[in-house]
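S.K.: I have a structure I would like to understand better, so I am pasting it below and will then ask my questions one at a time.
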Amino acid sequence: MFSETILLSLREIRRNLMRSSLTILGIVIGVAAVITMVTLGRGATAQVASDIAKLGTNLLQVRPGQDRRGPGGTHSTGDMFKAKDAEAIAQEIFGLSAVAPIASQTIQSIYGNENWSTTVTGSTNAYLKVSNWLLESGRQFTEGELRSGKAVCILGTTVRNKLFGGQNPIGATIRLGKLSCNVIGVLNSKGQSSFGTDRDDFVLIPLRMLQRRITGNPDVSRILVSAQDGVSTRKVEQDIEQLMRERRHISPGKDDDFHVRDMQELISTMTGTTRVLTGLLGAVAAVSLLVGGIGIMNIMLVSVTERTREIGIRLAIGALERDVLMQFLVEAVVLSSFGGVIGVLLGIAAAAIGATVLAVPFVFDPVIIVIAFVFSAAVGVVFGYFPARQAGQMDPIEALRYE
């Protein structure tokens with residue numbers, strides 16, 4: 001009996017193919033929009049988490065000045081750190097894998113007829129470890145080079161490409177401003193971050209070289225700290241805060257003139273924000289499903305009016321009210337299900353194209369596809385019930401008189 005009802009529904013849909021196609025258009029758009037928005041949103045979330053994770057594993061950043069986040073928040077300045085602050089953290093804090101003091105300055109890099117404005121970062125070999133950065137070629141700094149501040153450098157791939165093109169830069173001498181520097185290595189590429197910055201556009205040199213021959217001061221603008229696996233970054237953060245308060249002679253009750261930021265917290269904040277935006281976009285897209293449901297109800301009401309005599313004949317020869325109700329209800333569900341299937345296919349295709357264009361991962365989630373399809377079928381049930389009930393409650397005599 002149910003199979004016959006489905007066949008009748010398919011026959012009616014085929015008989016009014018153009019009208020049926022236009023009827024399910026709202027469902028198609030709604031399902032496709034939900035799948036596209038949610039998939040792209042989850043891809044963006046994954047991209048943000050991946051970009052922040054590339055900054056380093058179990059990473060904490062120590063910076064001078066207070067960091068007041070939130071509406072109206074400000075960033076106050078404080079005295080710069082010194083290299084001995086980083087050494088104290090490495091020696092006195094338990095559970096650390098690496099500590100890297102960092103200072104940087106924008107400078108013009110020159111090789112032959114080529115020049116490129118870039119960021120020169122002064123640090124130690126620990127910078128490569130805390131930042132999860134591998135060498136593509138060449139070597140790290142030696143202890144002698146770090147202690148003496150020798151004029152050697154490691155290039156990011158962007159600087160290498162701008163100055164050397166396809167040539168091997170190892171052993172070449174470049175100028176950083178007026179300072180000559182020997183290239184000893186090239187870093188692997190990390191590409192652009194989701195914030196649009198080029199992570200490969202910098203030159204790494206020994207910290208003492210930067211301090212003595214470029215900036216002319218012993219300042220350290222930030223300290224990167226990497227905790228060992230299994231060590232609580234929250235505990236490390238508290239220990240660093242206590243140590244730095246002691247070293248900077250901050251009295252009890254006074255505010256810190258520095259701040260420690262746990263990158264895991266940043267990951268949670270950023271991914272949480274993108275998840276909320278994804279949910280909002282999905283909810284907005286789902287509104288078009290309701291619009292499509294109203295379209296189905298409207299067409300089904302028209303169909304009931306057009307087929308009044310057919311309904312009267314069925315009721316007169318013994319069909320029950322529930323049989324007529326089921327026929328029209330199944331027809332509405334079949335329409336919305338067709339729209340759901342087409343919408344799912346279009347949504348997956350649009351999400352794949354969008355992920356490629358936006359350069360975010362394509363995160364295929366079968367759960368959201370099932371939910372979108374089930375919701376589209378549910379729309380057919382909800383919005384098809386009233387027309388179906390109206391058809392089932394017709395008076396056979398009045399229906400047969402209808403012209």
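A note on labels: chains of the structure tokens are A, B, ... as shown, every chain counts residues from 1, and ligands are counted from 1 in their shown order.
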Need to verify the contact set: Ile368 of chain A, 9 Å, only C-alpha atoms, exclusion of same-chain residues closer than 5 positions in sequence. Can you return it as an mmCIF file with N, CA and C atoms, in the first residue's frame?

M.R.:
```cif
data_model
loop_
_atom_site.group_PDB
_atom_site.id
_atom_site.type_symbol
_atom_site.label_atom_id
_atom_site.label_comp_id
_atom_site.auth_asym_id
_atom_site.auth_seq_id
_atom_site.Cartn_x
_atom_site.Cartn_y
_atom_site.Cartn_z
ATOM 1 N N VAL A 34 23.190 25.550 3.934
ATOM 2 C CA VAL A 34 23.577 25.057 5.263
ATOM 3 C C VAL A 34 24.864 24.249 5.180
ATOM 4 N N ILE A 35 24.922 23.304 4.251
ATOM 5 C CA ILE A 35 26.107 22.445 4.130
ATOM 6 C C ILE A 35 27.335 23.271 3.749
ATOM 7 N N VAL A 38 28.389 25.654 6.843
ATOM 8 C CA VAL A 38 28.931 24.909 7.984
ATOM 9 C C VAL A 38 30.272 24.269 7.624
ATOM 10 N N THR A 39 30.371 23.709 6.416
ATOM 11 C CA THR A 39 31.628 23.073 6.004
ATOM 12 C C THR A 39 32.751 24.091 5.892
ATOM 13 N N PHE A 373 19.664 16.728 5.432
ATOM 14 C CA PHE A 373 18.704 15.946 4.649
ATOM 15 C C PHE A 373 17.471 15.601 5.483
#
```

S.K.: DSSP on the backbone: what in segment 27-244 of chain A comes out strand (DSSP E), as a PyMOL selection string?

M.R.: chain A and resi 59-64+96-111+114-123+135-138+152-155+173-176+179-187+202-206+222-227

S.K.: Could you check how far atom CA of Val276 of chain A sits from atom CA of Thr45 of chain A, in Å to one decimal?

M.R.: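 Taking atom CA of Val276 of chain A and atom CA of Thr45 of chain A, their separation equals 10.1 Å.
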
S.K.: Can you tell me, as a list in words, what residues are no more than 7 Å from Ala351 of chain A when counting only C-alpha atoms, ignoring any on the same chain fewer than 4 positions away?

M.R.: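 These residues fall inside the cut-off: Thr36, Thr39, Leu40, Gly347 and Ala355 of chain A.
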
S.K.: Residues near Val284 of chain A, anyone? I mean within 12 Å using only C-alpha atoms, not counting same-chain ones fewer than 6 positions away, as a list in words.

M.R.: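 Counting only C-alpha atoms, the residues come to Gly30, Val31, Ala33, Val34, Ile35, Met37, Val38, Leu277, Thr278, Leu290 and Val291 of chain A.
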
S.K.: For segment 103-105 of chain A, work out the shell of residues within 8 Å, counting only C-alpha atoms and skipping chain neighbours fewer than 2 positions away, then give it as a PyMOL selection string.

M.R.: chain A and resi 101+107+119-123+207+210+215+219-222

S.K.: Now that the selection is made, can you save its residues with C-alpha atoms as a PDB file, in the first residue's frame?

M.R.:
```pdb
ATOM      1  CA  PRO A 101      64.685  35.528  23.763  1.00  0.00           C
ATOM      2  CA  ILE A 107      65.623  46.390   7.675  1.00  0.00           C
ATOM      3  CA  THR A 119      62.163  41.671   9.432  1.00  0.00           C
ATOM      4  CA  VAL A 120      65.481  40.739  11.015  1.00  0.00           C
ATOM      5  CA  THR A 121      64.935  38.592  14.103  1.00  0.00           C
ATOM      6  CA  GLY A 122      67.678  38.132  16.661  1.00  0.00           C
ATOM      7  CA  SER A 123      67.470  34.993  18.791  1.00  0.00           C
ATOM      8  CA  LEU A 207      70.651  37.857  19.255  1.00  0.00           C
ATOM      9  CA  LEU A 210      71.331  42.262  16.488  1.00  0.00           C
ATOM     10  CA  THR A 215      69.809  48.066  17.514  1.00  0.00           C
ATOM     11  CA  ASP A 219      66.673  44.906  24.905  1.00  0.00           C
ATOM     12  CA  VAL A 220      64.616  41.748  24.316  1.00  0.00           C
ATOM     13  CA  SER A 221      61.088  42.470  23.068  1.00  0.00           C
ATOM     14  CA  ARG A 222      59.602  39.058  23.911  1.00  0.00           C
TER      15      ARG A 222
END
```

S.K.: Quick one: of A:Pro206, A:Gly354, A:Gly295, A:Gly216, who's nearest to Glu143 of chain A, counting only C-alpha atoms?

M.R.: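 Closest to Glu143 of chain A, using only C-alpha atoms: A:Pro206.
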
S.K.: Choose the residue, out of A:Val231, A:Ile174, A:Phe364, A:Arg42, that has the smallest atom-to-atom separation from Tyr111 of chain A; count only C-alpha atoms.

M.R.: A:Ile174

S.K.: Nearest residue to Ser117 of chain A out of A:Ile240, A:Val374, A:Leu163, A:Ile24, using only C-alpha atoms?

M.R.: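 Looking only at the distances to Ser117 of chain A, the closest residue turns out to be A:Leu163.
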